[in-house]
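Q: Just so it is clear, I am handing over final-v6.pdb, which has PDB, C-alpha atoms.
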MODEL        1
ATOM      1  CA  MET A1182    -142.383 -11.361 -92.962  1.00  0.00           C
ATOM      2  CA  ALA A1183    -138.608 -11.880 -93.108  1.00  0.00           C
ATOM      3  CA  PHE A1184    -137.066 -14.587 -90.943  1.00  0.00           C
ATOM      4  CA  ARG A1185    -135.144 -12.929 -88.103  1.00  0.00           C
ATOM      5  CA  SER A1186    -132.345 -14.829 -86.392  1.00  0.00           C
ATOM      6  CA  ALA A1187    -129.613 -13.815 -83.978  1.00  0.00           C
ATOM      7  CA  VAL A1188    -126.253 -15.348 -83.110  1.00  0.00           C
ATOM      8  CA  ILE A1189    -124.831 -14.622 -79.659  1.00  0.00           C
ATOM      9  CA  THR A1190    -121.088 -13.964 -79.401  1.00  0.00           C
ATOM     10  CA  PHE A1191    -119.192 -14.444 -76.134  1.00  0.00           C
ATOM     11  CA  PRO A1192    -115.528 -13.661 -75.472  1.00  0.00           C
ATOM     12  CA  GLY A1193    -113.824 -16.763 -76.881  1.00  0.00           C
ATOM     13  CA  SER A1194    -116.581 -17.780 -79.316  1.00  0.00           C
ATOM     14  CA  ASN A1195    -115.018 -18.992 -82.553  1.00  0.00           C
ATOM     15  CA  CYS A1196    -117.931 -20.511 -84.471  1.00  0.00           C
ATOM     16  CA  ASP A1197    -120.239 -17.490 -84.386  1.00  0.00           C
ATOM     17  CA  ARG A1198    -119.387 -16.458 -87.942  1.00  0.00           C
ATOM     18  CA  ASP A1199    -119.911 -20.028 -89.199  1.00  0.00           C
ATOM     19  CA  MET A1200    -123.329 -20.075 -87.543  1.00  0.00           C
ATOM     20  CA  ALA A1201    -124.286 -16.664 -88.921  1.00  0.00           C
ATOM     21  CA  VAL A1202    -123.233 -17.662 -92.439  1.00  0.00           C
ATOM     22  CA  ALA A1203    -125.278 -20.874 -92.255  1.00  0.00           C
ATOM     23  CA  LEU A1204    -128.398 -19.080 -91.042  1.00  0.00           C
ATOM     24  CA  SER A1205    -128.012 -16.229 -93.521  1.00  0.00           C
ATOM     25  CA  GLU A1206    -127.372 -18.469 -96.516  1.00  0.00           C
ATOM     26  CA  ILE A1207    -130.185 -20.903 -95.815  1.00  0.00           C
ATOM     27  CA  SER A1208    -132.805 -18.344 -94.738  1.00  0.00           C
ATOM     28  CA  GLY A1209    -131.891 -15.674 -97.290  1.00  0.00           C
ATOM     29  CA  THR A1210    -131.908 -13.074 -94.503  1.00  0.00           C
ATOM     30  CA  GLU A1211    -128.765 -11.874 -92.744  1.00  0.00           C
ATOM     31  CA  ALA A1212    -128.426 -13.191 -89.195  1.00  0.00           C
ATOM     32  CA  LEU A1213    -128.130 -10.474 -86.565  1.00  0.00           C
ATOM     33  CA  ARG A1214    -125.055 -10.486 -84.342  1.00  0.00           C
ATOM     34  CA  VAL A1215    -125.514  -9.949 -80.596  1.00  0.00           C
ATOM     35  CA  TRP A1216    -122.721  -9.313 -78.077  1.00  0.00           C
ATOM     36  CA  HIS A1217    -122.807 -11.123 -74.737  1.00  0.00           C
ATOM     37  CA  GLY A1218    -122.749  -7.847 -72.808  1.00  0.00           C
ATOM     38  CA  ASP A1219    -125.990  -6.607 -74.359  1.00  0.00           C
ATOM     39  CA  ALA A1220    -128.915  -6.630 -71.974  1.00  0.00           C
ATOM     40  CA  GLU A1221    -131.599  -7.093 -74.627  1.00  0.00           C
ATOM     41  CA  LEU A1222    -132.151  -9.133 -77.754  1.00  0.00           C
ATOM     42  CA  PRO A1223    -133.309  -7.582 -81.042  1.00  0.00           C
ATOM     43  CA  GLU A1224    -137.097  -7.379 -81.348  1.00  0.00           C
ATOM     44  CA  ARG A1225    -139.273  -9.969 -83.104  1.00  0.00           C
ATOM     45  CA  LEU A1226    -136.687 -12.731 -83.234  1.00  0.00           C
ATOM     46  CA  ASP A1227    -137.716 -16.039 -84.769  1.00  0.00           C
ATOM     47  CA  PHE A1228    -134.553 -17.962 -83.858  1.00  0.00           C
ATOM     48  CA  ILE A1229    -131.558 -17.678 -81.519  1.00  0.00           C
ATOM     49  CA  ALA A1230    -128.263 -19.542 -81.902  1.00  0.00           C
ATOM     50  CA  LEU A1231    -125.521 -20.010 -79.326  1.00  0.00           C
ATOM     51  CA  PRO A1232    -122.349 -21.044 -81.173  1.00  0.00           C
ATOM     52  CA  GLY A1233    -119.310 -23.114 -80.395  1.00  0.00           C
ATOM     53  CA  GLY A1234    -115.976 -21.926 -79.086  1.00  0.00           C
ATOM     54  CA  PHE A1235    -114.322 -21.468 -75.725  1.00  0.00           C
ATOM     55  CA  SER A1236    -116.298 -18.750 -73.963  1.00  0.00           C
ATOM     56  CA  TYR A1237    -114.215 -17.073 -71.273  1.00  0.00           C
ATOM     57  CA  GLY A1238    -111.453 -19.584 -71.996  1.00  0.00           C
ATOM     58  CA  ASP A1239    -113.550 -22.385 -70.436  1.00  0.00           C
ATOM     59  CA  TYR A1240    -112.508 -21.149 -66.981  1.00  0.00           C
ATOM     60  CA  LEU A1241    -114.306 -22.615 -63.942  1.00  0.00           C
ATOM     61  CA  ARG A1242    -116.384 -24.967 -66.137  1.00  0.00           C
ATOM     62  CA  SER A1243    -117.085 -24.788 -69.841  1.00  0.00           C
ATOM     63  CA  GLY A1244    -119.993 -22.395 -70.325  1.00  0.00           C
ATOM     64  CA  ALA A1245    -120.318 -21.489 -66.637  1.00  0.00           C
ATOM     65  CA  MET A1246    -119.266 -17.853 -66.963  1.00  0.00           C
ATOM     66  CA  ALA A1247    -121.058 -17.277 -70.273  1.00  0.00           C
ATOM     67  CA  ALA A1248    -124.283 -18.572 -68.724  1.00  0.00           C
ATOM     68  CA  ARG A1249    -124.178 -15.540 -66.423  1.00  0.00           C
ATOM     69  CA  SER A1250    -123.602 -12.972 -69.159  1.00  0.00           C
ATOM     70  CA  PRO A1251    -126.224 -10.187 -69.313  1.00  0.00           C
ATOM     71  CA  ILE A1252    -127.645 -11.441 -72.615  1.00  0.00           C
ATOM     72  CA  MET A1253    -128.419 -14.872 -71.200  1.00  0.00           C
ATOM     73  CA  ARG A1254    -131.214 -13.482 -69.045  1.00  0.00           C
ATOM     74  CA  ALA A1255    -132.888 -12.343 -72.251  1.00  0.00           C
ATOM     75  CA  VAL A1256    -132.181 -15.684 -73.962  1.00  0.00           C
ATOM     76  CA  VAL A1257    -133.741 -17.623 -71.078  1.00  0.00           C
ATOM     77  CA  GLU A1258    -136.790 -15.352 -71.155  1.00  0.00           C
ATOM     78  CA  ALA A1259    -137.128 -15.736 -74.931  1.00  0.00           C
ATOM     79  CA  ALA A1260    -136.863 -19.512 -74.671  1.00  0.00           C
ATOM     80  CA  GLY A1261    -139.588 -19.431 -72.046  1.00  0.00           C
ATOM     81  CA  ARG A1262    -141.823 -17.615 -74.534  1.00  0.00           C
ATOM     82  CA  GLY A1263    -141.208 -20.359 -77.082  1.00  0.00           C
ATOM     83  CA  VAL A1264    -138.511 -18.762 -79.262  1.00  0.00           C
ATOM     84  CA  PRO A1265    -136.383 -21.594 -80.726  1.00  0.00           C
ATOM     85  CA  VAL A1266    -132.818 -21.765 -79.399  1.00  0.00           C
ATOM     86  CA  LEU A1267    -130.112 -23.833 -81.084  1.00  0.00           C
ATOM     87  CA  ALA A1268    -127.116 -24.340 -78.803  1.00  0.00           C
ATOM     88  CA  VAL A1269    -124.099 -25.999 -80.411  1.00  0.00           C
ATOM     89  CA  CYS A1270    -120.960 -27.297 -78.669  1.00  0.00           C
ATOM     90  CA  ASN A1271    -119.970 -24.490 -76.276  1.00  0.00           C
ATOM     91  CA  GLY A1272    -123.528 -23.238 -76.668  1.00  0.00           C
ATOM     92  CA  PHE A1273    -124.779 -26.604 -75.361  1.00  0.00           C
ATOM     93  CA  GLN A1274    -122.499 -26.183 -72.362  1.00  0.00           C
ATOM     94  CA  VAL A1275    -123.864 -22.669 -71.805  1.00  0.00           C
ATOM     95  CA  VAL A1276    -127.552 -23.675 -71.855  1.00  0.00           C
ATOM     96  CA  THR A1277    -127.005 -26.556 -69.437  1.00  0.00           C
ATOM     97  CA  GLU A1278    -125.238 -24.143 -67.081  1.00  0.00           C
ATOM     98  CA  ALA A1279    -128.110 -21.686 -67.535  1.00  0.00           C
ATOM     99  CA  GLY A1280    -130.688 -24.347 -66.659  1.00  0.00           C
ATOM    100  CA  LEU A1281    -132.368 -24.447 -70.071  1.00  0.00           C
ATOM    101  CA  LEU A1282    -131.427 -28.106 -70.495  1.00  0.00           C
ATOM    102  CA  PRO A1283    -130.728 -30.826 -67.924  1.00  0.00           C
ATOM    103  CA  GLY A1284    -127.372 -32.498 -67.422  1.00  0.00           C
ATOM    104  CA  ALA A1285    -123.793 -31.311 -67.807  1.00  0.00           C
ATOM    105  CA  LEU A1286    -120.955 -31.576 -70.302  1.00  0.00           C
ATOM    106  CA  MET A1287    -117.810 -33.063 -68.776  1.00  0.00           C
ATOM    107  CA  ARG A1288    -114.267 -33.712 -69.992  1.00  0.00           C
ATOM    108  CA  ASN A1289    -114.101 -36.309 -72.750  1.00  0.00           C
ATOM    109  CA  ALA A1290    -113.585 -39.809 -71.396  1.00  0.00           C
ATOM    110  CA  GLY A1291    -110.202 -40.090 -73.106  1.00  0.00           C
ATOM    111  CA  GLN A1292    -109.083 -36.683 -71.798  1.00  0.00           C
ATOM    112  CA  HIS A1293    -108.290 -35.547 -75.351  1.00  0.00           C
ATOM    113  CA  PHE A1294    -109.691 -32.907 -77.661  1.00  0.00           C
ATOM    114  CA  ILE A1295    -111.580 -34.651 -80.474  1.00  0.00           C
ATOM    115  CA  CYS A1296    -111.911 -33.063 -83.917  1.00  0.00           C
ATOM    116  CA  ARG A1297    -113.430 -35.239 -86.648  1.00  0.00           C
ATOM    117  CA  THR A1298    -116.646 -36.093 -88.406  1.00  0.00           C
ATOM    118  CA  VAL A1299    -118.766 -38.633 -86.542  1.00  0.00           C
ATOM    119  CA  PRO A1300    -121.860 -40.685 -87.390  1.00  0.00           C
ATOM    120  CA  LEU A1301    -125.044 -39.729 -85.559  1.00  0.00           C
ATOM    121  CA  LYS A1302    -128.321 -41.575 -85.277  1.00  0.00           C
ATOM    122  CA  VAL A1303    -131.430 -39.400 -85.478  1.00  0.00           C
ATOM    123  CA  GLU A1304    -133.536 -40.401 -82.482  1.00  0.00           C
ATOM    124  CA  ASN A1305    -136.338 -37.836 -82.714  1.00  0.00           C
ATOM    125  CA  SER A1306    -137.546 -36.669 -86.126  1.00  0.00           C
ATOM    126  CA  GLN A1307    -140.618 -34.868 -84.802  1.00  0.00           C
ATOM    127  CA  SER A1308    -139.084 -31.655 -83.475  1.00  0.00           C
ATOM    128  CA  LEU A1309    -138.791 -28.283 -85.198  1.00  0.00           C
ATOM    129  CA  PHE A1310    -135.066 -28.902 -85.645  1.00  0.00           C
ATOM    130  CA  THR A1311    -135.176 -32.520 -86.808  1.00  0.00           C
ATOM    131  CA  ALA A1312    -138.291 -32.783 -88.966  1.00  0.00           C
ATOM    132  CA  GLY A1313    -136.137 -32.942 -92.087  1.00  0.00           C
ATOM    133  CA  TYR A1314    -134.611 -36.238 -91.003  1.00  0.00           C
ATOM    134  CA  GLU A1315    -135.984 -39.750 -90.737  1.00  0.00           C
ATOM    135  CA  ALA A1316    -136.073 -41.450 -87.344  1.00  0.00           C
ATOM    136  CA  GLY A1317    -133.213 -43.918 -87.183  1.00  0.00           C
ATOM    137  CA  GLU A1318    -131.358 -42.247 -90.051  1.00  0.00           C
ATOM    138  CA  GLU A1319    -127.571 -42.073 -89.797  1.00  0.00           C
ATOM    139  CA  ILE A1320    -126.019 -38.710 -90.617  1.00  0.00           C
ATOM    140  CA  HIS A1321    -122.458 -37.414 -90.426  1.00  0.00           C
ATOM    141  CA  ILE A1322    -121.625 -34.173 -88.612  1.00  0.00           C
ATOM    142  CA  PRO A1323    -118.245 -32.755 -87.430  1.00  0.00           C
ATOM    143  CA  ILE A1324    -117.339 -32.435 -83.771  1.00  0.00           C
ATOM    144  CA  ALA A1325    -114.572 -30.389 -82.130  1.00  0.00           C
ATOM    145  CA  HIS A1326    -114.555 -30.479 -78.339  1.00  0.00           C
ATOM    146  CA  ALA A1327    -112.688 -31.440 -75.191  1.00  0.00           C
ATOM    147  CA  ASP A1328    -115.709 -31.258 -72.868  1.00  0.00           C
ATOM    148  CA  GLY A1329    -118.461 -33.061 -74.735  1.00  0.00           C
ATOM    149  CA  ASN A1330    -119.091 -35.979 -72.404  1.00  0.00           C
ATOM    150  CA  TYR A1331    -122.816 -35.628 -71.609  1.00  0.00           C
ATOM    151  CA  PHE A1332    -123.742 -36.594 -68.061  1.00  0.00           C
ATOM    152  CA  ALA A1333    -127.032 -36.767 -66.189  1.00  0.00           C
ATOM    153  CA  ASP A1334    -128.307 -39.001 -63.402  1.00  0.00           C
ATOM    154  CA  GLU A1335    -130.171 -42.172 -64.356  1.00  0.00           C
ATOM    155  CA  ALA A1336    -133.593 -40.754 -63.497  1.00  0.00           C
ATOM    156  CA  THR A1337    -132.988 -37.762 -65.768  1.00  0.00           C
ATOM    157  CA  LEU A1338    -131.689 -39.978 -68.562  1.00  0.00           C
ATOM    158  CA  ASP A1339    -134.735 -42.234 -68.270  1.00  0.00           C
ATOM    159  CA  ARG A1340    -137.016 -39.201 -68.411  1.00  0.00           C
ATOM    160  CA  LEU A1341    -135.248 -37.811 -71.496  1.00  0.00           C
ATOM    161  CA  GLU A1342    -135.521 -41.170 -73.226  1.00  0.00           C
ATOM    162  CA  GLY A1343    -139.143 -41.702 -72.208  1.00  0.00           C
ATOM    163  CA  GLU A1344    -140.220 -38.240 -73.352  1.00  0.00           C
ATOM    164  CA  GLY A1345    -138.448 -38.541 -76.701  1.00  0.00           C
ATOM    165  CA  ARG A1346    -136.106 -35.700 -75.879  1.00  0.00           C
ATOM    166  CA  VAL A1347    -132.914 -37.372 -77.094  1.00  0.00           C
ATOM    167  CA  ALA A1348    -132.550 -35.760 -80.516  1.00  0.00           C
ATOM    168  CA  PHE A1349    -129.277 -37.319 -81.640  1.00  0.00           C
ATOM    169  CA  ARG A1350    -127.134 -40.192 -80.450  1.00  0.00           C
ATOM    170  CA  TYR A1351    -123.567 -41.049 -81.425  1.00  0.00           C
ATOM    171  CA  ALA A1352    -123.626 -44.138 -83.633  1.00  0.00           C
ATOM    172  CA  GLU A1353    -120.250 -45.183 -82.220  1.00  0.00           C
ATOM    173  CA  PRO A1354    -118.367 -44.483 -78.976  1.00  0.00           C
ATOM    174  CA  VAL A1355    -116.983 -40.938 -79.149  1.00  0.00           C
ATOM    175  CA  ASN A1356    -116.441 -39.148 -75.842  1.00  0.00           C
ATOM    176  CA  GLY A1357    -117.995 -41.231 -73.078  1.00  0.00           C
ATOM    177  CA  SER A1358    -121.397 -39.521 -73.156  1.00  0.00           C
ATOM    178  CA  ALA A1359    -124.071 -41.290 -71.140  1.00  0.00           C
ATOM    179  CA  ARG A1360    -126.030 -43.582 -73.467  1.00  0.00           C
ATOM    180  CA  ASP A1361    -124.052 -42.016 -76.362  1.00  0.00           C
ATOM    181  CA  ILE A1362    -126.267 -38.923 -76.228  1.00  0.00           C
ATOM    182  CA  ALA A1363    -125.149 -36.196 -78.642  1.00  0.00           C
ATOM    183  CA  GLY A1364    -128.108 -33.818 -78.476  1.00  0.00           C
ATOM    184  CA  VAL A1365    -131.153 -33.211 -76.273  1.00  0.00           C
ATOM    185  CA  LEU A1366    -134.337 -31.141 -76.380  1.00  0.00           C
ATOM    186  CA  ASN A1367    -136.078 -29.247 -73.621  1.00  0.00           C
ATOM    187  CA  GLU A1368    -139.555 -30.285 -72.527  1.00  0.00           C
ATOM    188  CA  ALA A1369    -141.253 -27.771 -74.824  1.00  0.00           C
ATOM    189  CA  GLY A1370    -139.117 -28.830 -77.798  1.00  0.00           C
ATOM    190  CA  ASN A1371    -137.933 -25.314 -78.658  1.00  0.00           C
ATOM    191  CA  VAL A1372    -134.389 -25.639 -77.234  1.00  0.00           C
ATOM    192  CA  LEU A1373    -131.909 -28.055 -78.805  1.00  0.00           C
ATOM    193  CA  GLY A1374    -128.450 -28.539 -77.369  1.00  0.00           C
ATOM    194  CA  MET A1375    -125.971 -30.649 -79.326  1.00  0.00           C
ATOM    195  CA  MET A1376    -122.213 -31.107 -79.355  1.00  0.00           C
ATOM    196  CA  PRO A1377    -121.804 -31.794 -83.121  1.00  0.00           C
ATOM    197  CA  HIS A1378    -121.598 -28.763 -85.441  1.00  0.00           C
ATOM    198  CA  PRO A1379    -124.380 -28.753 -88.083  1.00  0.00           C
ATOM    199  CA  GLU A1380    -123.209 -25.338 -89.326  1.00  0.00           C
ATOM    200  CA  ARG A1381    -119.993 -27.021 -90.483  1.00  0.00           C
ATOM    201  CA  ALA A1382    -121.903 -29.430 -92.708  1.00  0.00           C
ATOM    202  CA  ILE A1383    -124.182 -27.373 -94.926  1.00  0.00           C
ATOM    203  CA  GLU A1384    -122.523 -27.789 -98.337  1.00  0.00           C
ATOM    204  CA  ALA A1385    -120.427 -30.292-100.273  1.00  0.00           C
ATOM    205  CA  ALA A1386    -117.295 -28.164 -99.826  1.00  0.00           C
ATOM    206  CA  HIS A1387    -117.516 -28.913 -96.102  1.00  0.00           C
ATOM    207  CA  GLY A1388    -117.194 -32.615 -96.856  1.00  0.00           C
ATOM    208  CA  GLY A1389    -120.901 -33.233 -96.365  1.00  0.00           C
ATOM    209  CA  SER A1390    -124.213 -31.398 -96.051  1.00  0.00           C
ATOM    210  CA  ASP A1391    -126.121 -33.437 -93.466  1.00  0.00           C
ATOM    211  CA  GLY A1392    -126.326 -30.419 -91.165  1.00  0.00           C
ATOM    212  CA  ARG A1393    -128.182 -28.322 -93.714  1.00  0.00           C
ATOM    213  CA  ARG A1394    -131.493 -30.086 -93.131  1.00  0.00           C
ATOM    214  CA  LEU A1395    -131.489 -29.057 -89.481  1.00  0.00           C
ATOM    215  CA  PHE A1396    -131.515 -25.376 -90.450  1.00  0.00           C
ATOM    216  CA  GLU A1397    -133.929 -25.954 -93.329  1.00  0.00           C
ATOM    217  CA  SER A1398    -136.307 -27.789 -90.998  1.00  0.00           C
ATOM    218  CA  ALA A1399    -136.316 -25.033 -88.404  1.00  0.00           C
ATOM    219  CA  ILE A1400    -136.619 -22.179 -90.900  1.00  0.00           C
ATOM    220  CA  ARG A1401    -139.371 -23.887 -92.888  1.00  0.00           C
ATOM    221  CA  GLY A1402    -141.289 -24.775 -89.731  1.00  0.00           C
ATOM    222  CA  LEU A1403    -141.144 -21.214 -88.456  1.00  0.00           C
ATOM    223  CA  VAL A1404    -141.962 -19.530 -91.763  1.00  0.00           C
ATOM    224  CA  GLU A1405    -144.889 -21.845 -92.439  1.00  0.00           C
ATOM    225  CA  ALA A1406    -146.267 -21.689 -88.883  1.00  0.00           C
TER     226      ALA A1406
ENDMDL
END
Would you mind writing the file's structure down as structure tokens?

A:
Amino acid sequence: MAFRSAVITFPGSNCDRDMAVALSEISGTEALRVWHGDAELPERLDFIALPGGFSYGDYLRSGAMAARSPIMRAVVEAAGRGVPVLAVCNGFQVVTEAGLLPGALMRNAGQHFICRTVPLKVENSQSLFTAGYEAGEEIHIPIAHADGNYFADEATLDRLEGEGRVAFRYAEPVNGSARDIAGVLNEAGNVLGMMPHPERAIEAAHGGSDGRRLFESAIRGLVEA
């Protein structure tokens, strides 16, 4: 059965095409495009991606308005059924606002937009998304954000650490994120939110291909399941 993925587009998304190209190229099946105003997702989806950008111009709080788009009710329901959801950059902001992941993304500690490739440490190599990496491995993935400073209270951070739900950690200070957290998983392990952009690192022409294994891991895990 063909792998079926969907990329959600909000007003102000600007990485939705990048995400769709990555999923289509690596899976061999064209990613479906879904508009934020749709009330339903396509049937029989194997994978949902929420891309980066500046949904609704980042008004109120980054991701706050997009989290209340009609399609997000369907995304939350799908996640609850176990459908994998990859939420990148603005997508990470959206899923925290929607309650799919704990914590919040705040303004970078230096108050500046940061756009560069950063080193990440793989903390959890046992999830659907990260099985293609080695625990402790250092990879390099681009970032591009002004509100990527991950915050949660100490009890939540301790729980994330204790349950192995920190997927990626910055290997150097980047934006002030608590404990240098760059990506977290939900309790069930089927939702990954991360600020770095793996879809911008899938081939040598991008300057590196460390992001490709994330998509390969997820697609292989779902196809072979």

Q: Expanded to explicit residues, what is the PyMOL selection byres ((chain A and resi 1308) around 12) for this file, as a count of residues only?

A: 33

Q: Record the distance separating CA of Arg1242 (chain A) and CA of Gln1292 (chain A), expressed in Å with one decimal.

A: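 Taking CA of Arg1242 (chain A) as the start and CA of Gln1292 (chain A) as the end point, the length is 14.9 Å.
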
Q: Which residue is closest to Asn1271 (chain A)? Choose from A:Val1202, A:Met1376, A:Leu1222, A:Met1287 and count only C-alpha atoms.

A: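 With only C-alpha atoms as the atom set, the closest residue is A:Met1376.
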
Q: How far is it from CA of Asp1361 (chain A) to CA of Leu1282 (chain A), in Å with one decimal?

A: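 Atom-to-atom, CA of Asp1361 (chain A) and CA of Leu1282 (chain A) are spaced 16.8 Å apart.
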
Q: Would you pick out the contacts of region 1183-1198 of chain A at 8 Å or less, using only C-alpha atoms, so that residues sharing its chain but fewer than 2 positions from it are not included, and give the list as number ranges by chain?

A: A: 1200-1202, 1204, 1208, 1210-1217, 1223, 1225-1238, 1247, 1400, 1404

Q: So that I can see what lies close to Val1299 (chain A), please list as a ChimeraX atom specification the residues with an atom at most 9 Å from it, counting only C-alpha atoms and leaving out residues fewer than 4 positions away in the same chain.

A: /A:1320-1324,1351-1353,1355,1377

Q: Hey, can you pull every residue with an atom no more than 12 Å from (-125.4, -20.9, -98.5), using all atoms listed in the file, and send it as number ranges by chain?

A: A: 1199-1211, 1380-1387, 1390, 1393, 1396-1397

Q: Return as a PDB file with C-alpha atoms, in the coordinates of the input the set of residues that the PyMOL selection byres ((chain A and resi 1295) around 12) yields on the displayed structure.

A:
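The resulting file, out-v1.pdb, is reproduced below:
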ATOM      1  CA  ARG A1288    -114.267 -33.712 -69.992  1.00  0.00           C
ATOM      2  CA  ASN A1289    -114.101 -36.309 -72.750  1.00  0.00           C
ATOM      3  CA  ALA A1290    -113.585 -39.809 -71.396  1.00  0.00           C
ATOM      4  CA  GLY A1291    -110.202 -40.090 -73.106  1.00  0.00           C
ATOM      5  CA  GLN A1292    -109.083 -36.683 -71.798  1.00  0.00           C
ATOM      6  CA  HIS A1293    -108.290 -35.547 -75.351  1.00  0.00           C
ATOM      7  CA  PHE A1294    -109.691 -32.907 -77.661  1.00  0.00           C
ATOM      8  CA  CYS A1296    -111.911 -33.063 -83.917  1.00  0.00           C
ATOM      9  CA  ARG A1297    -113.430 -35.239 -86.648  1.00  0.00           C
ATOM     10  CA  THR A1298    -116.646 -36.093 -88.406  1.00  0.00           C
ATOM     11  CA  VAL A1299    -118.766 -38.633 -86.542  1.00  0.00           C
ATOM     12  CA  PRO A1323    -118.245 -32.755 -87.430  1.00  0.00           C
ATOM     13  CA  ILE A1324    -117.339 -32.435 -83.771  1.00  0.00           C
ATOM     14  CA  ALA A1325    -114.572 -30.389 -82.130  1.00  0.00           C
ATOM     15  CA  HIS A1326    -114.555 -30.479 -78.339  1.00  0.00           C
ATOM     16  CA  ALA A1327    -112.688 -31.440 -75.191  1.00  0.00           C
ATOM     17  CA  ASP A1328    -115.709 -31.258 -72.868  1.00  0.00           C
ATOM     18  CA  GLY A1329    -118.461 -33.061 -74.735  1.00  0.00           C
ATOM     19  CA  ASN A1330    -119.091 -35.979 -72.404  1.00  0.00           C
ATOM     20  CA  VAL A1355    -116.983 -40.938 -79.149  1.00  0.00           C
ATOM     21  CA  ASN A1356    -116.441 -39.148 -75.842  1.00  0.00           C
ATOM     22  CA  GLY A1357    -117.995 -41.231 -73.078  1.00  0.00           C
ATOM     23  CA  MET A1376    -122.213 -31.107 -79.355  1.00  0.00           C
ATOM     24  CA  PRO A1377    -121.804 -31.794 -83.121  1.00  0.00           C
TER      25      PRO A1377
END

Q: Would you mind reading off the distance between CA of Glu1344 (chain A) and CA of Arg1249 (chain A), one decimal, in Å?

A: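 These atoms are spaced 28.6 Å apart.
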
Q: Go through A:Ala1333, A:Ala1248, A:Ala1220, A:Met1375 one by one, measure the shortest atom-to-atom distance of each to Leu1301 (chain A) using all atoms listed in the file, and give the residue with the smallest value.

A: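 Of A:Ala1333, A:Ala1248, A:Ala1220, A:Met1375, the one nearest Leu1301 (chain A), counting all atoms listed in the file, is A:Met1375.
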
Q: Restricting the calculation to all atoms listed in the file: of A:Ser1243, A:Lys1302, A:Leu1286, A:Leu1267, which residue gets closest to Pro1379 (chain A)?

A: A:Leu1267

Q: So that all listed atoms of region 1269-1284 of chain A fit with 8 Å spare on each side, what axis-aligned box centre and edge lengths in Å, to one decimal, would you give as lines of an AutoDock Vina configuration file?

A:
center_x = -126.2
center_y = -27.1
center_z = -73.5
size_x = 28.4
size_y = 26.8
size_z = 29.8
